[in-house]
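J.: I have a structure I would like to understand better, so I am pasting it below and will then ask my questions one at a time.
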Amino acid sequence: MRIADVNVKKYTTILSFLLLVVFVAGLSLGTININLFQEIFSHHEDMKFILQMRIEREIMAICCGGMLATGSAMLQDLTGNKMVAPDLIGMTSVACLLIIICNLFWIKSPILNELLAITGSALGFLACLFLAKNNIANRLGFVLIGVSISFALSAVMQLLILNAPESMDAYFHFMTGSLYATQFETVLIVISAVLIALPVCFIISKRFLVFSLDSATCHSIGVSIKTYRISSFLLAAFLVGSSVVGVGHLGFLGIVAPNLARLMVGNRPPHIFILSFLVGGLIYLFADILGRCLISPVEIPAGMLTNILGAPLFIYILFKYYRGQYE
Amino acid sequence: MNKRYKVILNFSKQQFALSIGVILIIFLSLYNLQYGVTHYELPEIFSALWHRNENAIIFITLFKIRLPMILMAIMAGAGMAIAGLLLQKVTQNPLACPSLTGMEYGTALCVILVYLFLPNANRLHVLCIALLGGVFNFILIQCLIKKMGVSLIGITLIGIAFDALYFSVIQAILIAFPMQAQAMLYNLNGSIQGITVADIQLTFIFFSVLLTITLLFSRRLNLLDLDDNQAASLGFNIFKYRFIMLALSLLFTVVMTSMIGPLLFFSLIVPHVVKPFSGNKNSIVFCAVFGAVLLLFAQLLTQLITPQTPPPVGIISLLIAAPLLIYITRQYFYANS
């Protein structure tokens, strides 16, 4: 137990440090490279503007990637299935679809988007659960139903966007998880969501180990497992929905980040969520910076790069998983 | 008496379903000829066919633009359905389909890379290189699966992972090198817009050869359900047949995907949809016919929804396929609960 605690501290420190380094490096890299040490003390308005844009964007990347990863870790705990992710069980696509429909046919407002996204992700999970006849013990069936929901809805989204009166670019990020042209209001909403959700998550998740017990045992030790289930479900929907508002449909991060965190410290609820947050934020931030720098004037959406980075990581995780080196 | 009656009924049920399929193909083809940006009535179509005025707009629209699309839809639907069926039989995995082994997007990636580096390549070159890419992909993924020895969920998730990986790489390439990006984007989702007569000729050669070989082997198809020991005790070389069927499935996938792009779950669901009618016999013919019906129907829907800017047929077929996949999953995994 003590060794594991040391591990948690070690990994948290390393990841936070890496996150800081990548954050600072990301400020100076991009289409225009900025020498930070000179610009902090100078008074170029353009440079300040660019820096401000980049700071907003990077904070958004860390918050959204982290929230998605944490929400997904929570879902995995809740369903007892480590191969579940919000994008694989249709949560993110329902949320994206609701936002796109509302924006196309009604009004655009970031706060409404947030509400819609949270409802959407909750609805997505419930729909999946309903279609799977409330039986999450069958892992493959659950994932397959989720994948088909998610693919069908993304097809609907493509149809809507193809025939949208405005240009495709306005909704492009909902399909690809891009951080291009983030709005200040959205950044504020996402930051406040993180500030609300993370402490709550840390407080209530201490008891999430009960998910590994069966209901009879829970009953006998006097734990109401239903309360924990509902609260963790609501929290997960909140986390996933808030990340969708910021970056849209983001593939693969949800399955990769929590499992990487588990490979580091094992499955221990309060720590796993913080580590997932750090890992998710780091991967997404890194992907975003890479997407800005690879082919400089043009930008590869960060969601695509998370896919490209995520697939090998996922294969690695499966490798560990099925070789039994997994808690 | 009773027995004979049963045999006749069984026989006629299959025949009945098949003939309905063929009639549906004919009707859907006619509807596809009619609908589009301009709507033609049937008498107009027949008179255009009768007069054969090669320069009239109606002749060009009907027989140079719409007819190739219809033929392509028929061939692609049949081909992909057969590919899915063969793959499911060979791997003995009811959820196997070419897109879940990374073959479809792998092939699409190859096609796009060829167009990127050799802008003057013709379809045949593209096909050959795509074939190499598809085979390489398949071997890579099968090696990964063998090495890990994963369960069904692992195999499915690896397939989805590779799909997402290739899809992202393709999109990144398209963003980085905007060459005919719109056309390429359509190709990603499986579109039969802009198929020419030359493409049809090339595809038809491959398709007819592959279909003939498949039908020749169709009697042996159910023998693939045996395991190694049973096959050995029957004196039946199962490895040879597995290899042949696998090669056929790969070839079908690569040929069709390099022509029209990935169709995702299409080839997974068709064998399951036809199973109630076909039983275990003649499933190849049933798959071919009803695959063609399904894709023609999807193509008709694309023309009906928005004739001016028809969406890619892959999106519509995905919309049809996804609820069916949910249904199949419920049948398979939740039948008892």
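Following the order of the structure tokens, first chain is A, next is B, and so on, with residues numbered from 1 inside each chain and ligands from 1 in the order they appear.
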Each residue of chain B with at least one atom at most 7 Å from chain A should appear once, together with its nearest atom pair and the corresponding distance in Å (one decimal); atoms considered: only C-alpha atoms; ordering: chain, then increasing residue number; output as JSON lines.
T.:
```
{"residue": "B:Met148", "atom": "CA", "partner": "A:Phe319", "partner_atom": "CA", "distance": 6.0}
{"residue": "B:Val150", "atom": "CA", "partner": "A:Tyr322", "partner_atom": "CA", "distance": 6.4}
{"residue": "B:Ile153", "atom": "CA", "partner": "A:Leu140", "partner_atom": "CA", "distance": 5.2}
{"residue": "B:Ala161", "atom": "CA", "partner": "A:Ala311", "partner_atom": "CA", "distance": 5.5}
{"residue": "B:Phe162", "atom": "CA", "partner": "A:Ala311", "partner_atom": "CA", "distance": 6.7}
{"residue": "B:Ala164", "atom": "CA", "partner": "A:Asn307", "partner_atom": "CA", "distance": 6.3}
{"residue": "B:Leu165", "atom": "CA", "partner": "A:Ile308", "partner_atom": "CA", "distance": 5.1}
{"residue": "B:Ser168", "atom": "CA", "partner": "A:Met304", "partner_atom": "CA", "distance": 4.9}
{"residue": "B:Val169", "atom": "CA", "partner": "A:Ile308", "partner_atom": "CA", "distance": 6.9}
{"residue": "B:Ala172", "atom": "CA", "partner": "A:Ile300", "partner_atom": "CA", "distance": 6.0}
{"residue": "B:Ile175", "atom": "CA", "partner": "A:Ile300", "partner_atom": "CA", "distance": 6.8}
{"residue": "B:Ala176", "atom": "CA", "partner": "A:Ile295", "partner_atom": "CA", "distance": 6.7}
{"residue": "B:Pro311", "atom": "CA", "partner": "A:Leu159", "partner_atom": "CA", "distance": 6.8}
{"residue": "B:Ile315", "atom": "CA", "partner": "A:Ala155", "partner_atom": "CA", "distance": 5.4}
{"residue": "B:Leu318", "atom": "CA", "partner": "A:Ala152", "partner_atom": "CA", "distance": 6.3}
{"residue": "B:Leu319", "atom": "CA", "partner": "A:Ala152", "partner_atom": "CA", "distance": 5.2}
{"residue": "B:Ala322", "atom": "CA", "partner": "A:Ser148", "partner_atom": "CA", "distance": 5.0}
{"residue": "B:Leu325", "atom": "CA", "partner": "A:Ser148", "partner_atom": "CA", "distance": 6.6}
{"residue": "B:Ile326", "atom": "CA", "partner": "A:Ile145", "partner_atom": "CA", "distance": 5.3}
{"residue": "B:Thr329", "atom": "CA", "partner": "A:Gly141", "partner_atom": "CA", "distance": 6.0}
{"residue": "B:Arg330", "atom": "CA", "partner": "A:Ala132", "partner_atom": "CA", "distance": 6.8}
{"residue": "B:Phe333", "atom": "CA", "partner": "A:Gly141", "partner_atom": "CA", "distance": 6.0}
```
J.: For A:Leu20, work out the shell of residues within 12 Å, counting only C-alpha atoms and skipping chain neighbours fewer than 4 positions away, then give it as a list in words.
T.: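 The neighbour list is Thr13, Ile14, Leu15, Ser16, Val24, Ala25, Gly26, Leu27, Glu58, Ile59, Ile62, Leu278, Gly281, Leu282, Leu285 and Phe286 of chain A.
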J.: Need to verify the contact set: stretch 80-90 of chain B, 7 Å, only C-alpha atoms, exclusion of same-chain residues closer than 2 positions in sequence. Can you return it as number ranges by chain?
T.: B: 76-78, 92-98, 224-225, 242, 245-246, 249, 252-253, 267-268, 270-271, 284, 287-288, 291
J.: Write out as a PyMOL selection string each polymer residue whose atoms come within 10 Å of A:Ala237, counting only C-alpha atoms; drop sequence neighbours fewer than 3 positions from it.
T.: chain A and resi 68+71-72+74-75+86+91-92+95+117-125+231-234+240-243
J.: Hey, what's within 8 Å of A:Ala197 if we count only C-alpha atoms and toss same-chain stuff fewer than 6 positions away? As a VMD selection string, please?
T.: chain A and resid 235 238 to 239
J.: Quick one: of B:Gln308, B:Ser151, B:Ser99, B:Gln142, who's nearest to B:Phe265, counting only C-alpha atoms?
T.: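 Looking only at the distances to B:Phe265, the closest residue turns out to be B:Ser99.
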J.: Could you please determine the separation between atom CA of B:Ile170 and atom CA of A:Val256 in Å, to one decimal place?
T.: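 Distance between the two atoms: 21.3 Å.
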J.: As JSON, numbers by chain, please: the residues near B:Ile269 (cut-off 8 Å, only C-alpha atoms, same-chain neighbours under 6 positions excluded).
T.: {"B": [321, 324, 325, 328]}
J.: Please produce a file of the residues just selected, as a short mmCIF file (atom, residue, chain, number, x, y, z; two decimals), in the first residue's frame, where the atoms kept are N, CA and C atoms.
T.:
```
data_model
loop_
_atom_site.label_atom_id
_atom_site.label_comp_id
_atom_site.auth_asym_id
_atom_site.auth_seq_id
_atom_site.Cartn_x
_atom_site.Cartn_y
_atom_site.Cartn_z
N ALA B 321 -27.66 0.63 -41.83
CA ALA B 321 -26.98 -0.52 -41.24
C ALA B 321 -26.93 -0.46 -39.73
N LEU B 324 -29.85 -1.94 -37.83
CA LEU B 324 -29.84 -3.39 -38.05
C LEU B 324 -28.76 -4.04 -37.19
N LEU B 325 -27.63 -3.34 -37.05
CA LEU B 325 -26.55 -3.89 -36.23
C LEU B 325 -26.99 -3.98 -34.77
N ILE B 328 -29.21 -6.95 -34.53
CA ILE B 328 -28.46 -8.21 -34.57
C ILE B 328 -27.76 -8.44 -33.23
#
```
